[in-house]
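Everything below belongs to protein.txt, which stores compact mmCIF, C-alpha atoms.
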# COMPACT_ATOMS: atom_id res chain seq x y z
CA GLY A 21 -118.28 -96.50 -12.80
CA ILE A 22 -118.74 -95.62 -16.44
CA SER A 23 -117.28 -97.32 -19.49
CA SER A 24 -117.59 -94.63 -22.16
CA ILE A 25 -117.02 -90.87 -22.25
CA THR A 26 -118.42 -90.30 -25.72
CA GLY A 27 -119.81 -86.78 -25.90
CA LEU A 28 -117.51 -85.41 -23.21
CA SER A 29 -115.63 -83.41 -25.83
CA ALA A 30 -118.59 -81.00 -26.01
CA PHE A 31 -117.64 -79.67 -22.57
CA TYR A 32 -114.66 -77.75 -23.94
CA ASN A 33 -114.54 -75.35 -20.95
CA LEU A 34 -114.16 -78.19 -18.45
CA GLU A 35 -111.31 -77.59 -15.98
CA GLU A 36 -111.58 -80.61 -13.66
CA LEU A 37 -112.29 -84.23 -14.57
CA ARG A 38 -112.54 -87.27 -12.28
CA LEU A 39 -113.31 -90.58 -13.98
CA THR A 40 -113.88 -93.98 -12.36
CA GLY A 41 -114.66 -97.03 -14.46
CA ALA A 42 -113.49 -99.28 -17.27
CA VAL A 43 -113.05 -96.51 -19.81
CA SER A 44 -110.96 -97.86 -22.69
CA ASP A 45 -111.00 -94.82 -24.97
CA LEU A 46 -109.85 -91.43 -23.70
CA SER A 47 -109.84 -89.74 -27.10
CA PRO A 48 -112.84 -87.46 -26.29
CA ILE A 49 -110.57 -85.73 -23.77
CA SER A 50 -108.24 -84.52 -26.53
CA LEU A 51 -110.41 -81.44 -27.18
CA LEU A 52 -110.60 -80.44 -23.52
CA THR A 53 -107.59 -78.14 -23.64
CA LYS A 54 -108.61 -76.14 -20.56
CA LEU A 55 -108.34 -79.06 -18.16
CA ARG A 56 -106.38 -78.21 -15.01
CA ARG A 57 -106.99 -81.24 -12.79
CA VAL A 58 -107.52 -84.82 -13.97
CA GLY A 59 -107.93 -88.03 -11.94
CA LEU A 60 -108.44 -91.41 -13.61
CA THR A 61 -109.34 -94.48 -11.53
CA ASP A 62 -109.71 -98.07 -12.77
CA VAL A 63 -109.67 -97.02 -16.41
CA THR A 64 -108.57 -99.60 -18.97
CA ALA A 65 -107.10 -97.13 -21.45
CA SER A 66 -103.31 -97.29 -21.65
CA SER A 67 -102.42 -94.15 -23.59
CA LEU A 68 -102.26 -90.59 -22.26
CA GLU A 69 -101.88 -89.14 -25.74
CA PRO A 70 -105.36 -87.51 -25.55
CA LEU A 71 -104.00 -85.27 -22.77
CA SER A 72 -101.00 -84.11 -24.77
CA LEU A 73 -102.72 -80.82 -25.69
CA ALA A 74 -103.95 -80.05 -22.16
CA TYR A 75 -101.45 -77.23 -21.70
CA SER A 76 -103.29 -75.89 -18.63
CA LEU A 77 -102.97 -79.22 -16.78
CA GLU A 78 -101.63 -78.70 -13.24
CA GLU A 79 -102.53 -81.99 -11.50
CA PHE A 80 -102.78 -85.52 -12.84
CA GLY A 81 -103.65 -88.74 -11.01
CA TRP A 82 -103.64 -92.33 -12.27
CA PHE A 83 -105.17 -94.69 -9.73
CA TYR A 84 -105.19 -98.49 -9.94
CA ALA A 85 -105.77 -98.40 -13.67
CA GLN A 86 -104.14 -100.11 -16.64
CA GLU A 87 -100.36 -100.42 -16.44
CA LEU A 88 -98.82 -97.09 -17.38
CA THR A 89 -95.76 -97.30 -19.61
CA GLY A 90 -92.90 -94.83 -19.82
CA GLN A 91 -93.90 -94.04 -23.38
CA SER A 92 -97.40 -93.13 -22.27
CA LEU A 93 -96.09 -90.89 -19.47
CA ASN A 94 -93.90 -89.15 -21.99
CA SER A 95 -97.07 -87.96 -23.71
CA ILE A 96 -97.65 -85.41 -20.93
CA ALA A 97 -94.04 -84.69 -19.91
CA HIS A 98 -93.96 -81.50 -22.01
CA LEU A 99 -96.88 -79.88 -20.14
CA LYS A 100 -95.06 -77.06 -18.36
CA ARG A 101 -97.79 -76.29 -15.80
CA LEU A 102 -97.95 -79.85 -14.51
CA GLY A 103 -96.82 -79.56 -10.90
CA ALA A 104 -98.49 -82.55 -9.21
CA LEU A 105 -98.35 -86.16 -10.36
CA SER A 106 -99.90 -89.12 -8.48
CA LEU A 107 -99.48 -92.69 -9.73
CA TYR A 108 -100.90 -95.69 -7.86
CA GLY A 109 -100.54 -99.10 -9.45
CA GLU A 110 -98.18 -100.59 -11.99
CA SER A 111 -96.29 -97.74 -13.64
CA ASP A 112 -92.95 -97.44 -15.39
CA LEU A 113 -91.17 -94.40 -13.96
CA SER A 114 -88.10 -94.61 -16.17
CA VAL A 115 -88.99 -91.22 -17.71
CA ILE A 116 -89.97 -89.40 -14.52
CA GLY A 117 -86.92 -87.18 -14.90
CA SER A 118 -88.66 -85.67 -17.94
CA PHE A 119 -91.02 -83.82 -15.56
CA PRO A 120 -88.55 -81.24 -14.16
CA LYS A 121 -91.28 -78.83 -13.01
CA LEU A 122 -92.95 -81.28 -10.63
CA ARG A 123 -93.43 -79.98 -7.10
CA ASN A 124 -95.48 -82.90 -5.78
CA PHE A 125 -94.89 -86.52 -6.76
CA THR A 126 -96.64 -89.59 -5.39
CA ALA A 127 -96.03 -93.17 -6.53
CA GLY A 128 -97.12 -96.50 -5.13
CA GLN A 129 -96.31 -99.96 -6.46
CA ALA A 130 -94.45 -98.48 -9.40
CA THR A 131 -91.23 -99.58 -11.06
CA LEU A 132 -88.18 -97.37 -10.77
CA ASP A 133 -84.89 -98.99 -11.65
CA ASP A 134 -82.87 -95.77 -11.71
CA VAL A 135 -83.39 -93.39 -8.79
CA ASN A 136 -81.24 -90.85 -10.60
CA GLU A 137 -84.43 -90.00 -12.47
CA LEU A 138 -85.87 -88.67 -9.20
CA ALA A 139 -82.75 -86.61 -8.63
CA LYS A 140 -83.62 -84.61 -11.76
CA LEU A 141 -86.76 -83.18 -10.15
CA GLU A 142 -85.03 -80.06 -8.85
CA PHE A 143 -88.28 -78.24 -7.99
CA LEU A 144 -89.73 -81.16 -6.01
CA GLU A 145 -91.17 -80.17 -2.61
CA ASN A 146 -93.22 -83.22 -1.61
CA LEU A 147 -92.25 -86.83 -2.32
CA PHE A 148 -94.37 -89.88 -1.46
CA LEU A 149 -93.02 -93.30 -2.41
CA ALA A 150 -94.41 -96.66 -1.32
CA ASN A 151 -93.42 -100.25 -2.00
CA PHE A 152 -90.07 -99.73 -3.65
CA THR A 153 -87.16 -102.16 -3.48
CA GLU A 154 -83.97 -101.75 -1.47
CA GLU A 155 -81.98 -101.69 -4.70
CA ALA A 156 -83.92 -98.62 -5.82
CA LEU A 157 -83.45 -96.43 -2.74
CA PRO A 158 -81.46 -97.77 0.25
CA ASP A 159 -80.77 -94.28 1.69
CA PHE A 160 -80.91 -90.57 0.86
CA ARG A 161 -77.64 -90.12 -0.96
CA LEU A 162 -79.23 -90.22 -4.42
CA LEU A 163 -81.71 -87.51 -3.41
CA ARG A 164 -79.13 -84.97 -2.27
CA GLY A 165 -79.83 -82.71 -5.26
CA LEU A 166 -83.43 -82.08 -4.22
CA HIS A 167 -82.69 -78.81 -2.45
CA ARG A 168 -86.37 -77.75 -2.24
CA LEU A 169 -87.66 -81.02 -0.79
CA SER A 170 -89.78 -80.28 2.28
CA HIS A 171 -91.69 -83.49 2.95
CA ALA A 172 -90.39 -86.99 2.24
CA HIS A 173 -92.76 -89.89 2.87
CA LEU A 174 -90.93 -93.11 2.03
CA GLN A 175 -92.88 -96.18 3.05
CA GLN A 176 -90.85 -99.03 1.63
CA PRO A 177 -90.95 -102.28 3.60
CA GLY A 178 -87.38 -103.52 4.02
CA SER A 179 -86.01 -100.88 1.68
CA LEU A 180 -84.45 -97.88 3.44
CA THR A 181 -81.65 -99.10 5.69
CA SER A 182 -80.14 -95.80 6.87
CA LEU A 183 -80.49 -92.02 6.74
CA ASP A 184 -77.13 -91.56 5.02
CA GLY A 185 -77.23 -88.40 2.93
CA VAL A 186 -80.27 -86.89 4.63
CA ASP A 187 -78.14 -84.08 6.10
CA ALA A 188 -77.57 -82.83 2.54
CA ILE A 189 -81.28 -81.93 2.24
CA PRO A 190 -81.59 -79.08 4.79
CA SER A 191 -84.96 -78.00 3.39
CA LEU A 192 -86.68 -81.05 4.92
CA THR A 193 -89.37 -80.23 7.47
CA ARG A 194 -91.17 -83.59 7.64
CA LEU A 195 -89.88 -87.14 7.38
CA SER A 196 -92.29 -90.08 7.30
CA LEU A 197 -90.36 -93.36 7.11
CA TYR A 198 -92.82 -95.91 8.48
CA GLY A 199 -92.04 -99.60 8.08
CA ASN A 200 -88.54 -99.57 6.60
CA ASN A 201 -85.39 -101.31 7.81
CA ILE A 202 -83.56 -98.33 9.32
CA SER A 203 -81.22 -99.13 12.21
CA ARG A 204 -79.38 -95.81 12.57
CA ILE A 205 -80.70 -92.24 12.51
CA ASP A 206 -77.36 -90.44 12.34
CA GLY A 207 -77.70 -87.16 10.46
CA ILE A 208 -81.25 -86.36 11.49
CA GLY A 209 -80.00 -83.80 14.01
CA SER A 210 -78.35 -81.86 11.18
CA LEU A 211 -81.68 -80.87 9.61
CA PRO A 212 -82.20 -77.23 10.63
CA ASN A 213 -85.88 -77.04 9.62
CA LEU A 214 -87.18 -80.43 10.76
CA ASP A 215 -90.43 -80.27 12.73
CA PHE A 216 -91.56 -83.90 12.50
CA ALA A 217 -89.92 -87.28 11.94
CA GLY A 218 -91.97 -90.46 12.02
CA ILE A 219 -89.64 -93.47 11.82
CA GLN A 220 -92.01 -96.06 13.26
CA LEU A 221 -91.65 -99.82 12.91
CA ASN A 222 -88.00 -99.85 11.85
CA GLN A 223 -84.99 -101.59 13.44
CA ILE A 224 -83.62 -98.81 15.67
CA GLU A 225 -82.12 -100.34 18.83
CA SER A 226 -80.30 -97.24 20.05
CA VAL A 227 -80.49 -93.52 19.36
CA GLY A 228 -77.10 -92.59 20.80
CA ASP A 229 -76.40 -88.88 20.33
CA ALA A 230 -78.32 -88.59 17.04
CA LEU A 231 -81.02 -86.40 18.63
CA ASP A 232 -78.71 -84.16 20.67
CA THR A 233 -78.96 -81.30 18.17
CA ILE A 234 -82.59 -81.75 17.13
CA LEU A 235 -84.80 -78.62 17.00
CA SER A 236 -86.72 -77.84 20.18
CA SER A 237 -89.95 -77.58 18.19
CA ALA A 238 -89.53 -81.02 16.60
CA THR A 239 -91.56 -84.14 17.29
CA ILE A 240 -89.81 -87.49 16.89
CA ASP A 241 -91.90 -90.67 16.75
CA LEU A 242 -89.97 -93.94 17.05
CA SER A 243 -92.88 -96.18 18.03
CA GLY A 244 -92.49 -99.83 17.15
CA ASN A 245 -88.69 -99.86 17.25
CA PRO A 246 -86.76 -102.28 19.53
CA LEU A 247 -85.53 -99.58 21.91
CA ALA A 248 -84.53 -100.47 25.46
CA CYS A 249 -86.92 -99.27 28.17
CA ASN A 250 -84.15 -97.30 29.89
CA GLU A 251 -83.39 -95.32 26.73
CA VAL A 252 -87.08 -94.72 26.01
CA ALA A 253 -87.55 -93.30 29.51
CA LYS A 254 -84.62 -90.92 29.05
CA LEU A 255 -85.90 -89.73 25.69
CA ILE A 256 -89.41 -89.13 27.02
CA ASP A 257 -87.91 -87.04 29.83
CA ARG A 258 -86.07 -84.81 27.37
CA SER A 259 -87.42 -81.28 27.40
CA ASP A 260 -85.64 -80.03 24.28
CA PHE A 261 -88.00 -81.83 21.85
CA THR A 262 -91.15 -83.99 21.87
CA PHE A 263 -90.51 -87.72 21.84
CA VAL A 264 -93.29 -90.21 21.02
CA PHE A 265 -93.13 -93.95 21.69
CA ASN A 266 -96.53 -95.66 21.61
CA SER A 267 -95.42 -99.29 21.82
CA GLU A 268 -93.72 -101.81 24.10
CA CYS A 269 -90.06 -101.17 24.81
CA VAL A 270 -87.39 -103.87 25.14
CA PRO A 271 -86.59 -104.81 28.77
CA ASP A 272 -83.14 -103.56 29.78
CA ASP A 273 -80.29 -106.04 29.53
CA SER A 274 -77.16 -104.22 30.70
CA ASP A 275 -74.74 -107.11 30.14
CA ALA A 276 -76.37 -108.29 26.88
CA ASP A 277 -76.62 -111.89 28.06
CA GLY A 278 -80.21 -112.31 26.91
CA VAL A 279 -81.64 -112.12 30.43
CA PRO A 280 -83.51 -108.90 31.34
CA ASP A 281 -82.01 -106.97 34.24
CA ALA A 282 -85.22 -107.47 36.23
CA GLU A 283 -84.65 -111.24 36.12
CA ASP A 284 -80.84 -111.23 36.22
CA ALA A 285 -79.12 -111.67 39.60
CA PHE A 286 -75.92 -110.39 37.98
CA PRO A 287 -77.11 -107.69 35.53
CA ASN A 288 -73.55 -106.53 34.82
CA ASP A 289 -71.96 -109.94 34.38
CA PRO A 290 -72.63 -111.58 31.00
CA ALA A 291 -71.24 -114.88 32.32
CA ALA A 292 -73.83 -115.21 35.08
CA SER A 293 -77.53 -114.60 35.46
CA VAL A 294 -78.66 -116.70 38.45

Could you write out this file's structure as structure tokens?
Amino acid sequence: GISSITGLSAFYNLEELRLTGAVSDLSPISLLTKLRRVGLTDVTASSLEPLSLAYSLEEFGWFYAQELTGQSLNSIAHLKRLGALSLYGESDLSVIGSFPKLRNFTAGQATLDDVNELAKLEFLENLFLANFTEEALPDFRLLRGLHRLSHAHLQQPGSLTSLDGVDAIPSLTRLSLYGNNISRIDGIGSLPNLDFAGIQLNQIESVGDALDTILSSATIDLSGNPLACNEVAKLIDRSDFTFVFNSECVPDDSDADGVPDAEDAFPNDPAASV
């Protein structure tokens, strides 16, 4: 990667810029007012002030670079054409609500103490969050105001515990909730536009009637959940939607005595197994 962008200001018609390297001074960018897409990786600069006049900016990405403060993010919050924001690495998202025109937002390993800031993004269509804490977003209730949200990818180990509130976001077409701590999927059948839900590697032991009203065109992937083999077989046989389960199921234990039915001489008597 490079360490200096001295002279870059001469390219005043530049519309796309991708930088990788320990660049500590972004000031030459300040004259590039026609920039539309910018991606900065591993830079050591900490201020986005040089982009404050990039009124044509539509996409901005900050990848594994210097920690990004809320104050620095505020430097580009006024750019009305900015519709896509991607932040990977340590970032303070306390001012993310100042970007009301965002349609696509991606954040990984960032700090967000108040999820109400996300709720201000009324034009948001695609949301990707990774490595957040349970305190930040335990369910969907704080996102109910995102009426245009189409795709929610929330990969937060141990964070999401339920789908409460998801039925208030009918615009959802895709749910990717890999590796959370979800045990119930009530409400998912109330999404009229859902075509895919990937809720792999969670804590779902039973589906119950949660999928009874799911769209016929939908695909539901619950691989890696502790579902009983009997229930998995029934779900795979369903013809009203596509069910995916690419992992080992839990042997059936009808009387819940800890002994699988196949090894239990009294599968319906919890007091006896041999």

Nearest residue to A:Phe261 from the set A:Ser47, A:Thr61, A:Asn245, A:Ser237 (distances using all atoms listed in the file):
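Once distances to A:Phe261 are computed over all atoms listed in the file, the minimum belongs to A:Ser237.
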
Between atom CA of A:Trp82 and atom CA of A:Leu180, what is the distance in Å, rounded to a tenth?
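Atom CA of A:Leu180 lies 25.4 Å from atom CA of A:Trp82.
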
Considering all atoms listed in the file, return as a VMD selection string whatever protein or nucleic-acid residues lie within 6 Å of stretch 28-42 of chain A, sequence-local ones (same chain, fewer than 3 positions apart) excluded.
chain A and resid 21 to 23 25 48 to 49 51 to 52 54 to 64

Using all atoms listed in the file - which residues lie no farther than 9 Å from the point (-95.3, -85.2, -21.1) in the file's frame? Write them as number ranges by chain.
A: 68-69, 71-72, 92-100, 102, 118-119

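Computed from the coordinates, the atom CA of A:Tyr84 to atom CA of A:Ser67 distance equals 14.6 Å.
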
Counting only C-alpha atoms, closest pick from A:Ala85, A:Leu247, A:Leu166, A:Ile189 relative to A:Ser203 is A:Leu247

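Atom pair atom CA of A:Ser182 / atom CA of A:Asp229: separated by 15.6 Å.
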
Taking only residues of stretch 60-160 of chain A that have an atom at most 6 Å from an atom of stretch 167-172 of chain A, what is each one's shortest atom pair and its distance in Å to one decimal, using all atoms listed in the file, in chain and number order, as CSV?
residue,atom,partner,partner_atom,distance
A:Leu144,CA,A:Leu169,CA,5.6
A:Glu145,CA,A:Leu169,CA,4.0
A:Asn146,CA,A:His171,CA,4.8
A:Leu147,CA,A:Ala172,CA,4.9

From the set A:Asp257, A:Glu142, A:Asp159, A:Asp232, which residue has the shortest atom-to-atom contact distance to A:Ser179, counting all atoms listed in the file?
A:Asp159

Could you write stretch 110-121 of chain A as a PDB file, in the frame of the given file, with all heavy atoms rebuilt where they are missing?
ATOM      1  N   GLU A 110     -99.330-100.263 -11.173  1.00  0.00           N
ATOM      2  CA  GLU A 110     -98.180-100.590 -11.990  1.00  0.00           C
ATOM      3  C   GLU A 110     -97.864 -99.458 -12.964  1.00  0.00           C
ATOM      4  O   GLU A 110     -98.655 -99.146 -13.848  1.00  0.00           O
ATOM      5  CB  GLU A 110     -98.428-101.886 -12.761  1.00  0.00           C
ATOM      6  CG  GLU A 110     -98.584-103.109 -11.878  1.00  0.00           C
ATOM      7  CD  GLU A 110     -97.301-103.409 -11.099  1.00  0.00           C
ATOM      8  OE1 GLU A 110     -96.211-103.179 -11.648  1.00  0.00           O
ATOM      9  OE2 GLU A 110     -97.397-103.864  -9.950  1.00  0.00           O
ATOM     10  N   SER A 111     -96.716 -98.824 -12.769  1.00  0.00           N
ATOM     11  CA  SER A 111     -96.290 -97.740 -13.640  1.00  0.00           C
ATOM     12  C   SER A 111     -94.788 -97.816 -13.859  1.00  0.00           C
ATOM     13  O   SER A 111     -94.037 -98.162 -12.950  1.00  0.00           O
ATOM     14  CB  SER A 111     -96.645 -96.371 -13.033  1.00  0.00           C
ATOM     15  OG  SER A 111     -98.028 -96.268 -12.770  1.00  0.00           O
ATOM     16  N   ASP A 112     -94.364 -97.479 -15.058  1.00  0.00           N
ATOM     17  CA  ASP A 112     -92.950 -97.440 -15.390  1.00  0.00           C
ATOM     18  C   ASP A 112     -92.466 -96.003 -15.245  1.00  0.00           C
ATOM     19  O   ASP A 112     -92.870 -95.127 -16.011  1.00  0.00           O
ATOM     20  CB  ASP A 112     -92.750 -97.942 -16.825  1.00  0.00           C
ATOM     21  CG  ASP A 112     -91.306 -97.825 -17.295  1.00  0.00           C
ATOM     22  OD1 ASP A 112     -90.425 -97.532 -16.451  1.00  0.00           O
ATOM     23  OD2 ASP A 112     -91.065 -98.020 -18.493  1.00  0.00           O
ATOM     24  N   LEU A 113     -91.613 -95.765 -14.242  1.00  0.00           N
ATOM     25  CA  LEU A 113     -91.170 -94.400 -13.960  1.00  0.00           C
ATOM     26  C   LEU A 113     -89.817 -94.071 -14.573  1.00  0.00           C
ATOM     27  O   LEU A 113     -89.150 -93.136 -14.140  1.00  0.00           O
ATOM     28  CB  LEU A 113     -91.109 -94.188 -12.444  1.00  0.00           C
ATOM     29  CG  LEU A 113     -92.399 -94.474 -11.677  1.00  0.00           C
ATOM     30  CD1 LEU A 113     -92.211 -94.180 -10.206  1.00  0.00           C
ATOM     31  CD2 LEU A 113     -93.555 -93.664 -12.242  1.00  0.00           C
ATOM     32  N   SER A 114     -89.431 -94.816 -15.583  1.00  0.00           N
ATOM     33  CA  SER A 114     -88.100 -94.610 -16.170  1.00  0.00           C
ATOM     34  C   SER A 114     -87.943 -93.239 -16.823  1.00  0.00           C
ATOM     35  O   SER A 114     -86.826 -92.794 -17.066  1.00  0.00           O
ATOM     36  CB  SER A 114     -87.810 -95.706 -17.211  1.00  0.00           C
ATOM     37  OG  SER A 114     -88.769 -95.680 -18.257  1.00  0.00           O
ATOM     38  N   VAL A 115     -89.060 -92.542 -17.066  1.00  0.00           N
ATOM     39  CA  VAL A 115     -88.990 -91.220 -17.710  1.00  0.00           C
ATOM     40  C   VAL A 115     -89.384 -90.108 -16.754  1.00  0.00           C
ATOM     41  O   VAL A 115     -89.600 -88.975 -17.196  1.00  0.00           O
ATOM     42  CB  VAL A 115     -89.874 -91.172 -18.974  1.00  0.00           C
ATOM     43  CG1 VAL A 115     -89.403 -92.189 -20.000  1.00  0.00           C
ATOM     44  CG2 VAL A 115     -91.341 -91.396 -18.630  1.00  0.00           C
ATOM     45  N   ILE A 116     -89.477 -90.413 -15.448  1.00  0.00           N
ATOM     46  CA  ILE A 116     -89.970 -89.400 -14.520  1.00  0.00           C
ATOM     47  C   ILE A 116     -89.083 -88.164 -14.483  1.00  0.00           C
ATOM     48  O   ILE A 116     -89.530 -87.057 -14.186  1.00  0.00           O
ATOM     49  CB  ILE A 116     -90.122 -89.997 -13.092  1.00  0.00           C
ATOM     50  CG1 ILE A 116     -91.021 -89.110 -12.227  1.00  0.00           C
ATOM     51  CG2 ILE A 116     -88.767 -90.218 -12.441  1.00  0.00           C
ATOM     52  CD1 ILE A 116     -92.436 -89.003 -12.737  1.00  0.00           C
ATOM     53  N   GLY A 117     -87.815 -88.326 -14.839  1.00  0.00           N
ATOM     54  CA  GLY A 117     -86.920 -87.180 -14.900  1.00  0.00           C
ATOM     55  C   GLY A 117     -87.266 -86.187 -15.979  1.00  0.00           C
ATOM     56  O   GLY A 117     -86.723 -85.081 -16.029  1.00  0.00           O
ATOM     57  N   SER A 118     -88.208 -86.562 -16.860  1.00  0.00           N
ATOM     58  CA  SER A 118     -88.660 -85.670 -17.940  1.00  0.00           C
ATOM     59  C   SER A 118     -89.710 -84.681 -17.458  1.00  0.00           C
ATOM     60  O   SER A 118     -90.227 -83.902 -18.251  1.00  0.00           O
ATOM     61  CB  SER A 118     -89.227 -86.497 -19.104  1.00  0.00           C
ATOM     62  OG  SER A 118     -88.272 -87.388 -19.617  1.00  0.00           O
ATOM     63  N   PHE A 119     -90.037 -84.736 -16.154  1.00  0.00           N
ATOM     64  CA  PHE A 119     -91.020 -83.820 -15.560  1.00  0.00           C
ATOM     65  C   PHE A 119     -90.308 -82.871 -14.594  1.00  0.00           C
ATOM     66  O   PHE A 119     -90.584 -82.879 -13.394  1.00  0.00           O
ATOM     67  CB  PHE A 119     -92.093 -84.604 -14.808  1.00  0.00           C
ATOM     68  CG  PHE A 119     -92.978 -85.458 -15.654  1.00  0.00           C
ATOM     69  CD1 PHE A 119     -92.533 -86.682 -16.139  1.00  0.00           C
ATOM     70  CD2 PHE A 119     -94.262 -85.050 -15.965  1.00  0.00           C
ATOM     71  CE1 PHE A 119     -93.342 -87.490 -16.913  1.00  0.00           C
ATOM     72  CE2 PHE A 119     -95.094 -85.857 -16.746  1.00  0.00           C
ATOM     73  CZ  PHE A 119     -94.633 -87.072 -17.219  1.00  0.00           C
ATOM     74  N   PRO A 120     -89.401 -82.041 -15.068  1.00  0.00           N
ATOM     75  CA  PRO A 120     -88.550 -81.240 -14.160  1.00  0.00           C
ATOM     76  C   PRO A 120     -89.297 -80.191 -13.356  1.00  0.00           C
ATOM     77  O   PRO A 120     -88.763 -79.677 -12.379  1.00  0.00           O
ATOM     78  CB  PRO A 120     -87.550 -80.593 -15.118  1.00  0.00           C
ATOM     79  CG  PRO A 120     -88.275 -80.517 -16.424  1.00  0.00           C
ATOM     80  CD  PRO A 120     -89.106 -81.761 -16.493  1.00  0.00           C
ATOM     81  N   LYS A 121     -90.538 -79.870 -13.720  1.00  0.00           N
ATOM     82  CA  LYS A 121     -91.280 -78.830 -13.010  1.00  0.00           C
ATOM     83  C   LYS A 121     -92.149 -79.383 -11.881  1.00  0.00           C
ATOM     84  O   LYS A 121     -92.829 -78.619 -11.193  1.00  0.00           O
ATOM     85  CB  LYS A 121     -92.158 -78.040 -13.985  1.00  0.00           C
ATOM     86  CG  LYS A 121     -91.394 -77.320 -15.086  1.00  0.00           C
ATOM     87  CD  LYS A 121     -90.471 -76.250 -14.525  1.00  0.00           C
ATOM     88  CE  LYS A 121     -89.781 -75.485 -15.646  1.00  0.00           C
ATOM     89  NZ  LYS A 121     -88.863 -74.445 -15.118  1.00  0.00           N
TER      90      LYS A 121
END
